[in-house]
Each structure stands twice: as C-alpha cells, then as structure tokens.
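Shown next: final.cif, containing mmCIF, C-alpha atoms; chains and numbers go by the auth columns.
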```
data_my_file
loop_
_atom_site.group_PDB
_atom_site.id
_atom_site.type_symbol
_atom_site.label_atom_id
_atom_site.label_comp_id
_atom_site.label_asym_id
_atom_site.label_seq_id
_atom_site.Cartn_x
_atom_site.Cartn_y
_atom_site.Cartn_z
_atom_site.B_iso_or_equiv
_atom_site.auth_seq_id
_atom_site.auth_asym_id
ATOM 1 C CA MET A 1 -3.973 -16.500 11.605 0.00 1 A
ATOM 2 C CA ASP A 2 -4.914 -19.815 13.213 0.00 2 A
ATOM 3 C CA SER A 3 -2.046 -22.337 13.510 0.00 3 A
ATOM 4 C CA SER A 4 -4.053 -25.017 15.318 0.00 4 A
ATOM 5 C CA TYR A 5 -4.272 -27.364 12.322 0.00 5 A
ATOM 6 C CA ALA A 6 -3.203 -30.935 12.959 0.00 6 A
ATOM 7 C CA VAL A 7 -0.614 -32.424 10.614 0.00 7 A
ATOM 8 C CA GLY A 8 -3.218 -34.772 9.142 0.00 8 A
ATOM 9 C CA ASP A 9 -5.418 -31.848 8.154 0.00 9 A
ATOM 10 C CA LEU A 10 -2.752 -30.293 5.935 0.00 10 A
ATOM 11 C CA ARG A 11 -3.369 -30.387 2.194 0.00 11 A
ATOM 12 C CA VAL A 12 -1.315 -32.805 0.085 0.00 12 A
ATOM 13 C CA SER A 13 0.728 -32.118 -3.006 0.00 13 A
ATOM 14 C CA ASP A 14 1.273 -34.240 -6.091 0.00 14 A
ATOM 15 C CA ALA A 15 4.710 -35.177 -4.760 0.00 15 A
ATOM 16 C CA GLU A 16 3.073 -36.657 -1.657 0.00 16 A
ATOM 17 C CA ARG A 17 0.636 -38.657 -3.806 0.00 17 A
ATOM 18 C CA GLU A 18 3.409 -40.354 -5.824 0.00 18 A
ATOM 19 C CA PRO A 19 4.594 -42.822 -3.121 0.00 19 A
ATOM 20 C CA VAL A 20 0.991 -43.739 -2.335 0.00 20 A
ATOM 21 C CA ILE A 21 0.277 -44.450 -6.008 0.00 21 A
ATOM 22 C CA GLU A 22 3.438 -46.567 -6.266 0.00 22 A
ATOM 23 C CA ARG A 23 2.414 -48.520 -3.177 0.00 23 A
ATOM 24 C CA LEU A 24 -1.019 -49.165 -4.682 0.00 24 A
ATOM 25 C CA GLN A 25 0.551 -50.321 -7.940 0.00 25 A
ATOM 26 C CA ASP A 26 2.878 -52.670 -6.076 0.00 26 A
ATOM 27 C CA ALA A 27 -0.021 -54.101 -4.065 0.00 27 A
ATOM 28 C CA TYR A 28 -2.013 -54.636 -7.265 0.00 28 A
ATOM 29 C CA ALA A 29 0.972 -56.301 -8.957 0.00 29 A
ATOM 30 C CA ASP A 30 1.444 -58.556 -5.912 0.00 30 A
ATOM 31 C CA GLY A 31 -2.217 -59.580 -6.058 0.00 31 A
ATOM 32 C CA ARG A 32 -3.194 -57.956 -2.761 0.00 32 A
ATOM 33 C CA LEU A 33 -5.785 -55.767 -4.518 0.00 33 A
ATOM 34 C CA ASP A 34 -8.268 -56.795 -7.169 0.00 34 A
ATOM 35 C CA HIS A 35 -8.883 -54.580 -10.191 0.00 35 A
ATOM 36 C CA ASP A 36 -12.001 -52.829 -8.869 0.00 36 A
ATOM 37 C CA GLU A 37 -10.453 -52.065 -5.492 0.00 37 A
ATOM 38 C CA PHE A 38 -7.287 -50.829 -7.198 0.00 38 A
ATOM 39 C CA ASP A 39 -9.329 -48.457 -9.394 0.00 39 A
ATOM 40 C CA MET A 40 -11.277 -47.175 -6.394 0.00 40 A
ATOM 41 C CA ARG A 41 -8.159 -46.578 -4.297 0.00 41 A
ATOM 42 C CA MET A 42 -6.368 -44.880 -7.199 0.00 42 A
ATOM 43 C CA HIS A 43 -9.327 -42.524 -7.545 0.00 43 A
ATOM 44 C CA LEU A 44 -9.274 -41.813 -3.809 0.00 44 A
ATOM 45 C CA ALA A 45 -5.522 -41.172 -3.887 0.00 45 A
ATOM 46 C CA MET A 46 -5.821 -38.789 -6.828 0.00 46 A
ATOM 47 C CA THR A 47 -8.691 -36.834 -5.228 0.00 47 A
ATOM 48 C CA ALA A 48 -7.396 -36.814 -1.633 0.00 48 A
ATOM 49 C CA LYS A 49 -7.202 -33.301 -0.218 0.00 49 A
ATOM 50 C CA THR A 50 -5.536 -33.892 3.172 0.00 50 A
ATOM 51 C CA ARG A 51 -2.868 -36.191 4.566 0.00 51 A
ATOM 52 C CA ASN A 52 -5.531 -38.049 6.555 0.00 52 A
ATOM 53 C CA ASP A 53 -7.471 -38.750 3.334 0.00 53 A
ATOM 54 C CA LEU A 54 -4.321 -39.988 1.628 0.00 54 A
ATOM 55 C CA GLY A 55 -3.246 -42.118 4.581 0.00 55 A
ATOM 56 C CA ALA A 56 -6.607 -43.888 4.669 0.00 56 A
ATOM 57 C CA VAL A 57 -6.031 -45.187 1.123 0.00 57 A
ATOM 58 C CA THR A 58 -3.052 -47.373 2.107 0.00 58 A
ATOM 59 C CA ARG A 59 -3.588 -47.838 5.837 0.00 59 A
ATOM 60 C CA ASP A 60 -4.231 -51.606 5.507 0.00 60 A
ATOM 61 C CA LEU A 61 -1.426 -52.200 2.985 0.00 61 A
ATOM 62 C CA VAL A 62 1.769 -53.146 4.758 0.00 62 A
ATOM 63 C CA PRO A 63 4.732 -52.235 2.560 0.00 63 A
ATOM 64 C CA VAL A 64 6.577 -55.240 1.142 0.00 64 A
ATOM 65 C CA PRO A 65 10.346 -54.965 1.545 0.00 65 A
ATOM 66 C CA ARG A 66 12.193 -54.857 -1.774 0.00 66 A
ATOM 67 C CA LYS A 67 14.764 -57.497 -2.590 0.00 67 A
ATOM 68 C CA ALA A 68 18.312 -56.274 -2.303 0.00 68 A
ATOM 69 C CA PRO A 69 20.105 -56.045 -5.637 0.00 69 A
ATOM 70 C CA VAL A 70 22.204 -59.067 -6.498 0.00 70 A
ATOM 71 C CA PRO A 71 25.923 -58.186 -6.397 0.00 71 A
ATOM 72 C CA PRO A 72 27.855 -58.787 -9.633 0.00 72 A
ATOM 73 C CA GLY A 73 29.230 -62.290 -9.901 0.00 73 A
ATOM 74 C CA HIS A 74 26.530 -63.735 -7.629 0.00 74 A
ATOM 75 C CA ALA A 75 23.610 -64.760 -9.840 0.00 75 A
ATOM 76 C CA GLU A 76 20.399 -65.647 -8.098 0.00 76 A
ATOM 77 C CA ALA A 77 19.027 -69.165 -8.473 0.00 77 A
ATOM 78 C CA PRO A 78 17.110 -69.700 -11.720 0.00 78 A
ATOM 79 C CA THR A 79 13.361 -70.196 -11.505 0.00 79 A
ATOM 80 C CA GLY A 80 11.618 -73.277 -12.845 0.00 80 A
ATOM 81 C CA GLU A 81 10.627 -71.387 -15.974 0.00 81 A
ATOM 82 C CA ASP A 82 14.225 -70.260 -16.501 0.00 82 A
ATOM 83 C CA ARG A 83 15.464 -73.834 -16.163 0.00 83 A
ATOM 84 C CA MET A 84 12.861 -75.083 -18.665 0.00 84 A
ATOM 85 C CA LEU A 85 13.758 -72.384 -21.206 0.00 85 A
ATOM 86 C CA ALA A 86 17.485 -73.073 -20.803 0.00 86 A
ATOM 87 C CA ALA A 87 16.900 -76.799 -21.312 0.00 87 A
ATOM 88 C CA ALA A 88 14.757 -76.011 -24.344 0.00 88 A
ATOM 89 C CA ALA A 89 17.595 -73.923 -25.790 0.00 89 A
ATOM 90 C CA HIS A 90 19.884 -76.952 -25.692 0.00 90 A
ATOM 91 C CA ALA A 91 17.245 -79.430 -26.893 0.00 91 A
ATOM 92 C CA ILE A 92 15.873 -77.322 -29.742 0.00 92 A
ATOM 93 C CA ALA A 93 19.390 -76.947 -31.130 0.00 93 A
ATOM 94 C CA VAL A 94 19.341 -80.575 -32.293 0.00 94 A
ATOM 95 C CA PRO A 95 16.765 -80.069 -35.088 0.00 95 A
ATOM 96 C CA THR A 96 17.349 -76.342 -35.730 0.00 96 A
ATOM 97 C CA LEU A 97 21.138 -76.068 -35.259 0.00 97 A
ATOM 98 C CA PHE A 98 21.880 -72.611 -33.875 0.00 98 A
ATOM 99 C CA VAL A 99 18.630 -70.884 -34.953 0.00 99 A
ATOM 100 C CA GLY A 100 16.386 -72.148 -32.125 0.00 100 A
ATOM 101 C CA PRO A 101 18.790 -71.249 -29.305 0.00 101 A
ATOM 102 C CA LEU A 102 19.472 -67.893 -30.953 0.00 102 A
ATOM 103 C CA VAL A 103 15.754 -67.049 -30.941 0.00 103 A
ATOM 104 C CA LEU A 104 15.466 -68.091 -27.282 0.00 104 A
ATOM 105 C CA MET A 105 18.553 -66.049 -26.418 0.00 105 A
ATOM 106 C CA LEU A 106 17.129 -62.946 -28.060 0.00 106 A
ATOM 107 C CA VAL A 107 13.591 -63.330 -26.699 0.00 107 A
ATOM 108 C CA SER A 108 13.947 -64.838 -23.220 0.00 108 A
ATOM 109 C CA GLY A 109 17.523 -63.781 -22.587 0.00 109 A
ATOM 110 C CA LYS A 110 16.394 -60.240 -21.859 0.00 110 A
ATOM 111 C CA ARG A 111 14.388 -61.469 -18.903 0.00 111 A
ATOM 112 C CA SER A 112 16.810 -64.020 -17.470 0.00 112 A
ATOM 113 C CA GLU A 113 20.600 -63.987 -17.402 0.00 113 A
ATOM 114 C CA TYR A 114 20.640 -67.768 -16.857 0.00 114 A
ATOM 115 C CA VAL A 115 18.584 -68.442 -19.995 0.00 115 A
ATOM 116 C CA ARG A 116 20.735 -66.035 -22.004 0.00 116 A
ATOM 117 C CA ARG A 117 23.989 -67.697 -20.909 0.00 117 A
ATOM 118 C CA GLN A 118 22.739 -71.221 -21.622 0.00 118 A
ATOM 119 C CA ALA A 119 21.209 -70.263 -24.992 0.00 119 A
ATOM 120 C CA ALA A 120 24.453 -68.484 -25.965 0.00 120 A
ATOM 121 C CA GLU A 121 26.375 -71.622 -25.054 0.00 121 A
ATOM 122 C CA ALA A 122 24.128 -73.715 -27.333 0.00 122 A
ATOM 123 C CA VAL A 123 24.459 -71.151 -30.151 0.00 123 A
ATOM 124 C CA ASN A 124 28.247 -71.186 -29.845 0.00 124 A
ATOM 125 C CA PHE A 125 28.398 -74.982 -29.797 0.00 125 A
ATOM 126 C CA HIS A 126 26.272 -75.447 -32.897 0.00 126 A
ATOM 127 C CA LEU A 127 27.970 -72.618 -34.800 0.00 127 A
ATOM 128 C CA THR A 128 31.325 -74.277 -34.058 0.00 128 A
ATOM 129 C CA LEU A 129 29.968 -77.608 -35.311 0.00 129 A
ATOM 130 C CA LEU A 130 28.591 -75.992 -38.464 0.00 130 A
ATOM 131 C CA LEU A 131 31.912 -74.245 -39.117 0.00 131 A
ATOM 132 C CA PHE A 132 33.843 -77.498 -38.568 0.00 132 A
ATOM 133 C CA THR A 133 31.511 -79.459 -40.855 0.00 133 A
ATOM 134 C CA THR A 134 31.836 -76.816 -43.562 0.00 134 A
ATOM 135 C CA ALA A 135 35.626 -76.677 -43.219 0.00 135 A
ATOM 136 C CA THR A 136 35.933 -80.474 -43.557 0.00 136 A
ATOM 137 C CA LEU A 137 33.582 -80.525 -46.568 0.00 137 A
ATOM 138 C CA GLY A 138 30.904 -82.493 -44.721 0.00 138 A
ATOM 139 C CA VAL A 139 33.120 -85.130 -43.123 0.00 139 A
ATOM 140 C CA GLY A 140 32.731 -83.400 -39.760 0.00 140 A
ATOM 141 C CA GLY A 141 28.995 -84.160 -39.920 0.00 141 A
ATOM 142 C CA VAL A 142 29.740 -87.454 -38.180 0.00 142 A
ATOM 143 C CA ILE A 143 30.313 -85.418 -35.016 0.00 143 A
ATOM 144 C CA TYR A 144 26.614 -84.497 -34.924 0.00 144 A
ATOM 145 C CA ALA A 145 25.837 -87.836 -33.252 0.00 145 A
ATOM 146 C CA VAL A 146 28.054 -86.734 -30.367 0.00 146 A
ATOM 147 C CA ALA A 147 26.459 -83.290 -30.506 0.00 147 A
ATOM 148 C CA TRP A 148 23.013 -84.760 -29.831 0.00 148 A
ATOM 149 C CA ILE A 149 24.321 -86.560 -26.779 0.00 149 A
ATOM 150 C CA LEU A 150 26.038 -83.395 -25.501 0.00 150 A
ATOM 151 C CA SER A 151 22.863 -81.365 -26.103 0.00 151 A
ATOM 152 C CA ALA A 152 20.851 -83.876 -24.065 0.00 152 A
ATOM 153 C CA ILE A 153 23.391 -83.721 -21.236 0.00 153 A
ATOM 154 C CA ALA A 154 23.362 -79.898 -21.355 0.00 154 A
ATOM 155 C CA ALA A 155 19.550 -79.888 -21.221 0.00 155 A
ATOM 156 C CA ILE A 156 19.609 -82.115 -18.123 0.00 156 A
ATOM 157 C CA TYR A 157 22.144 -79.805 -16.470 0.00 157 A
ATOM 158 C CA ALA A 158 19.969 -76.783 -17.306 0.00 158 A
ATOM 159 C CA LEU A 159 16.871 -78.472 -15.848 0.00 159 A
ATOM 160 C CA ALA A 160 18.809 -78.996 -12.640 0.00 160 A
ATOM 161 C CA GLY A 161 19.693 -75.287 -12.563 0.00 161 A
ATOM 162 C CA ARG A 162 23.386 -75.895 -13.155 0.00 162 A
ATOM 163 C CA THR A 163 25.545 -74.165 -15.748 0.00 163 A
ATOM 164 C CA PHE A 164 26.844 -76.302 -18.606 0.00 164 A
ATOM 165 C CA ARG A 165 29.844 -75.329 -20.762 0.00 165 A
ATOM 166 C CA TYR A 166 30.526 -77.244 -23.957 0.00 166 A
ATOM 167 C CA PRO A 167 34.180 -78.239 -24.319 0.00 167 A
ATOM 168 C CA TRP A 168 36.383 -77.146 -27.248 0.00 168 A
ATOM 169 C CA ILE A 169 34.102 -74.571 -28.861 0.00 169 A
ATOM 170 C CA LEU A 170 34.513 -71.092 -30.244 0.00 170 A
ATOM 171 C CA ARG A 171 32.596 -68.512 -28.260 0.00 171 A
ATOM 172 C CA PHE A 172 30.978 -66.227 -30.839 0.00 172 A
ATOM 173 C CA ALA A 173 27.987 -65.051 -28.768 0.00 173 A
ATOM 174 C CA LYS A 174 28.637 -63.639 -25.335 0.00 174 A
#
```
Any chance you could put this one into structure tokens?
Amino acid sequence: MDSSYAVGDLRVSDAEREPVIERLQDAYADGRLDHDEFDMRMHLAMTAKTRNDLGAVTRDLVPVPRKAPVPPGHAEAPTGEDRMLAAAAHAIAVPTLFVGPLVLMLVSGKRSEYVRRQAAEAVNFHLTLLLFTTATLGVGGVIYAVAWILSAIAAIYALAGRTFRYPWILRFAK
C-alpha cells in the first residue's frame, strides 16, 4: 500500500463541501460573485474530487468576518430604512388611527426591532385615544388635534433614530 499521497490529493466528502458552498453563497450575497460565476463555482464545488480541487474554488475569496451578536439590552443603531419606516408608522397613524402602524408593526417589525417598537408605540397611543374618545362619547375627539402634533414629533424623533415614548398611554401591544 502506497502512503505517499499529499493531503491535497485526498478525496473530499460531502461534509467538506458544505463550508465551501456556504462561503460561495455568502460571497454571492455580498456581491463579490456575479450569478454566472456563482453557478460555475457551485458546479465545481459539487464535482470536486480532491481537496486541491475544492480549495481552488474559493482560493480568491477571503472570508468575511461575521458580526458578533448584539447582547440583549444593547440594540444596534437603526438603518436609514428602519428610521423611515418608524417615522411612517407614526405619520400614517394620523389618517388611519391604529391600523396603519399595526400593519407596519406586523410586516416590517419582523425584520427590525426598532421599527416594531416604534410602530407598537403608535398603535398603543392611537388605541388609547380611540378608547378615551369612545368612553367620553366623542368629547375626547378634541384631543386628536394634540395627537397629530405628537405624531409629528414622534416621526421626527424616529427619523433621527431616537426612541419616542408617548406619555400617559395604555400599552396594549408589546
């Protein structure tokens, strides 16, 4: 039996292909590979027989370090899109009451904790106003003029990436 094989000449298993495929997918998602090159390299990775063949597929792709997970209680800074959606949650509450922010909370809140918190705050504020107006048989509707001003202020806070909490409201949505 001949044991003079180099390590690179050893055959690869499916388990050894998995990290290479993940690295290719990450590079494609980051925009470092175009679609055709990604397809070609995936084919090469799936048909590689030796470690040298597999190593050649990702030799020019430097691994990108992953971001460390954010510890609880320390939210990362909201992106521009997050700030716009949070501001929209406050602004859209003026014509739609709690329905607009509720839709934003359910749709965009899954992607961004900041958007979810701000949309929940708008939902809670407008549900409290609706409950107060109903309890006072419509007399509390006068408060809606103040509500529009508070919604505008909350939207400006959200655009700046700051958290806004409405005063004196019931917190139905968490």
Pairwise distance, CA of Arg83 (chain A) with CA of Asp30 (chain A), equals 23.1 Å
Suppose a student applies the PyMOL selection byres ((chain A and resi 118) around 9) to this structure; what residues should they get, written as a PyMOL selection string? chain A and resi 86-87+89-90+101+105+113-117+119-123+154+158+163-165
Write out as a PyMOL selection string each polymer residue whose atoms come within 8 Å of Val20 (chain A), counting all atoms listed in the file; drop sequence neighbours fewer than 4 positions from it. chain A and resi 16+24+45+54+57-58
Suppose a student applies the PyMOL selection byres ((chain A and resi 55) around 12) to this structure; what residues should they get, written as a list of chain:residue names? A:Val7, A:Gly8, A:Asp9, A:Leu10, A:Arg11, A:Val12, A:Glu16, A:Arg17, A:Pro19, A:Val20, A:Ile21, A:Arg23, A:Leu24, A:Arg41, A:Leu44, A:Ala45, A:Ala48, A:Lys49, A:Thr50, A:Arg51, A:Asn52, A:Asp53, A:Leu54, A:Ala56, A:Val57, A:Thr58, A:Arg59, A:Asp60, A:Leu61
Please produce an output containing C-alpha atoms for each residue in the selection, written as a CSV table (one decimal), keeping the file's coordinate frame.
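Printed below is out.csv as written:
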```csv
chain,number,residue,atom,x,y,z
A,7,VAL,CA,-0.6,-32.4,10.6
A,8,GLY,CA,-3.2,-34.8,9.1
A,9,ASP,CA,-5.4,-31.8,8.2
A,10,LEU,CA,-2.8,-30.3,5.9
A,11,ARG,CA,-3.4,-30.4,2.2
A,12,VAL,CA,-1.3,-32.8,0.1
A,16,GLU,CA,3.1,-36.7,-1.7
A,17,ARG,CA,0.6,-38.7,-3.8
A,19,PRO,CA,4.6,-42.8,-3.1
A,20,VAL,CA,1.0,-43.7,-2.3
A,21,ILE,CA,0.3,-44.4,-6.0
A,23,ARG,CA,2.4,-48.5,-3.2
A,24,LEU,CA,-1.0,-49.2,-4.7
A,41,ARG,CA,-8.2,-46.6,-4.3
A,44,LEU,CA,-9.3,-41.8,-3.8
A,45,ALA,CA,-5.5,-41.2,-3.9
A,48,ALA,CA,-7.4,-36.8,-1.6
A,49,LYS,CA,-7.2,-33.3,-0.2
A,50,THR,CA,-5.5,-33.9,3.2
A,51,ARG,CA,-2.9,-36.2,4.6
A,52,ASN,CA,-5.5,-38.0,6.6
A,53,ASP,CA,-7.5,-38.8,3.3
A,54,LEU,CA,-4.3,-40.0,1.6
A,56,ALA,CA,-6.6,-43.9,4.7
A,57,VAL,CA,-6.0,-45.2,1.1
A,58,THR,CA,-3.1,-47.4,2.1
A,59,ARG,CA,-3.6,-47.8,5.8
A,60,ASP,CA,-4.2,-51.6,5.5
A,61,LEU,CA,-1.4,-52.2,3.0
```
Find the residue from A:Leu159, A:Ala173, A:Val139, A:Met46 that sits nearest to Leu106 (chain A); use only C-alpha atoms when measuring.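 Counting only C-alpha atoms, the residue closest to Leu106 (chain A) is A:Ala173.
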Mind checking which residues fall within 10 Å of Thr133 (chain A), counting all atoms listed in the file, ignoring those fewer than 5 positions away in the same chain, and posting them as an MDAnalysis selection string? chainID A and resid 127:128 138:144
Model the absent atoms of region 144-155 of chain A so that all heavy atoms are present, and write the result as a compact mmCIF listing (two decimals), keeping the file's coordinate frame.
```txt
# COMPACT_ATOMS: atom_id res chain seq x y z
N TYR A 144 27.95 -84.87 -35.38
CA TYR A 144 26.61 -84.50 -34.92
C TYR A 144 25.97 -85.55 -34.03
O TYR A 144 25.14 -85.23 -33.18
CB TYR A 144 25.71 -84.16 -36.11
CG TYR A 144 25.85 -82.72 -36.52
CD1 TYR A 144 26.66 -82.36 -37.58
CD2 TYR A 144 25.20 -81.72 -35.81
CE1 TYR A 144 26.81 -81.04 -37.94
CE2 TYR A 144 25.35 -80.39 -36.16
CZ TYR A 144 26.16 -80.06 -37.23
OH TYR A 144 26.31 -78.75 -37.57
N ALA A 145 26.35 -86.81 -34.17
CA ALA A 145 25.84 -87.84 -33.25
C ALA A 145 26.29 -87.54 -31.83
O ALA A 145 25.52 -87.66 -30.87
CB ALA A 145 26.30 -89.21 -33.70
N VAL A 146 27.54 -87.11 -31.68
CA VAL A 146 28.05 -86.73 -30.37
C VAL A 146 27.37 -85.45 -29.90
O VAL A 146 27.09 -85.28 -28.72
CB VAL A 146 29.60 -86.57 -30.42
CG1 VAL A 146 30.14 -86.05 -29.11
CG2 VAL A 146 30.25 -87.88 -30.80
N ALA A 147 27.10 -84.56 -30.85
CA ALA A 147 26.46 -83.29 -30.51
C ALA A 147 25.09 -83.52 -29.89
O ALA A 147 24.69 -82.81 -28.97
CB ALA A 147 26.35 -82.41 -31.75
N TRP A 148 24.34 -84.48 -30.39
CA TRP A 148 23.01 -84.76 -29.83
C TRP A 148 23.13 -85.24 -28.39
O TRP A 148 22.33 -84.87 -27.53
CB TRP A 148 22.29 -85.80 -30.67
CG TRP A 148 21.96 -85.33 -32.06
CD1 TRP A 148 21.92 -84.03 -32.50
CD2 TRP A 148 21.66 -86.14 -33.17
NE1 TRP A 148 21.61 -84.00 -33.82
CE2 TRP A 148 21.43 -85.28 -34.27
CE3 TRP A 148 21.56 -87.51 -33.38
CZ2 TRP A 148 21.10 -85.74 -35.54
CZ3 TRP A 148 21.21 -87.97 -34.64
CH2 TRP A 148 21.00 -87.10 -35.70
N ILE A 149 24.12 -86.06 -28.14
CA ILE A 149 24.32 -86.56 -26.78
C ILE A 149 24.71 -85.40 -25.85
O ILE A 149 24.17 -85.27 -24.75
CB ILE A 149 25.39 -87.68 -26.76
CG1 ILE A 149 24.88 -88.89 -27.53
CG2 ILE A 149 25.76 -88.04 -25.33
CD1 ILE A 149 25.94 -89.93 -27.82
N LEU A 150 25.63 -84.54 -26.31
CA LEU A 150 26.04 -83.40 -25.50
C LEU A 150 24.88 -82.43 -25.27
O LEU A 150 24.73 -81.87 -24.18
CB LEU A 150 27.20 -82.65 -26.15
CG LEU A 150 28.59 -83.23 -25.91
CD1 LEU A 150 29.64 -82.47 -26.70
CD2 LEU A 150 28.92 -83.19 -24.43
N SER A 151 24.03 -82.24 -26.27
CA SER A 151 22.86 -81.36 -26.10
C SER A 151 21.90 -81.94 -25.06
O SER A 151 21.32 -81.18 -24.27
CB SER A 151 22.15 -81.17 -27.44
OG SER A 151 22.94 -80.43 -28.32
N ALA A 152 21.72 -83.25 -25.06
CA ALA A 152 20.85 -83.88 -24.06
C ALA A 152 21.44 -83.71 -22.66
O ALA A 152 20.71 -83.41 -21.70
CB ALA A 152 20.65 -85.35 -24.39
N ILE A 153 22.74 -83.89 -22.54
CA ILE A 153 23.39 -83.72 -21.24
C ILE A 153 23.27 -82.26 -20.77
O ILE A 153 22.96 -81.99 -19.60
CB ILE A 153 24.88 -84.15 -21.31
CG1 ILE A 153 24.96 -85.66 -21.51
CG2 ILE A 153 25.64 -83.72 -20.06
CD1 ILE A 153 26.36 -86.16 -21.85
N ALA A 154 23.48 -81.32 -21.70
CA ALA A 154 23.36 -79.90 -21.36
C ALA A 154 21.94 -79.55 -20.92
O ALA A 154 21.74 -78.77 -19.99
CB ALA A 154 23.78 -79.04 -22.54
N ALA A 155 20.95 -80.14 -21.59
CA ALA A 155 19.55 -79.89 -21.22
C ALA A 155 19.26 -80.41 -19.81
O ALA A 155 18.56 -79.76 -19.03
CB ALA A 155 18.61 -80.53 -22.24
```
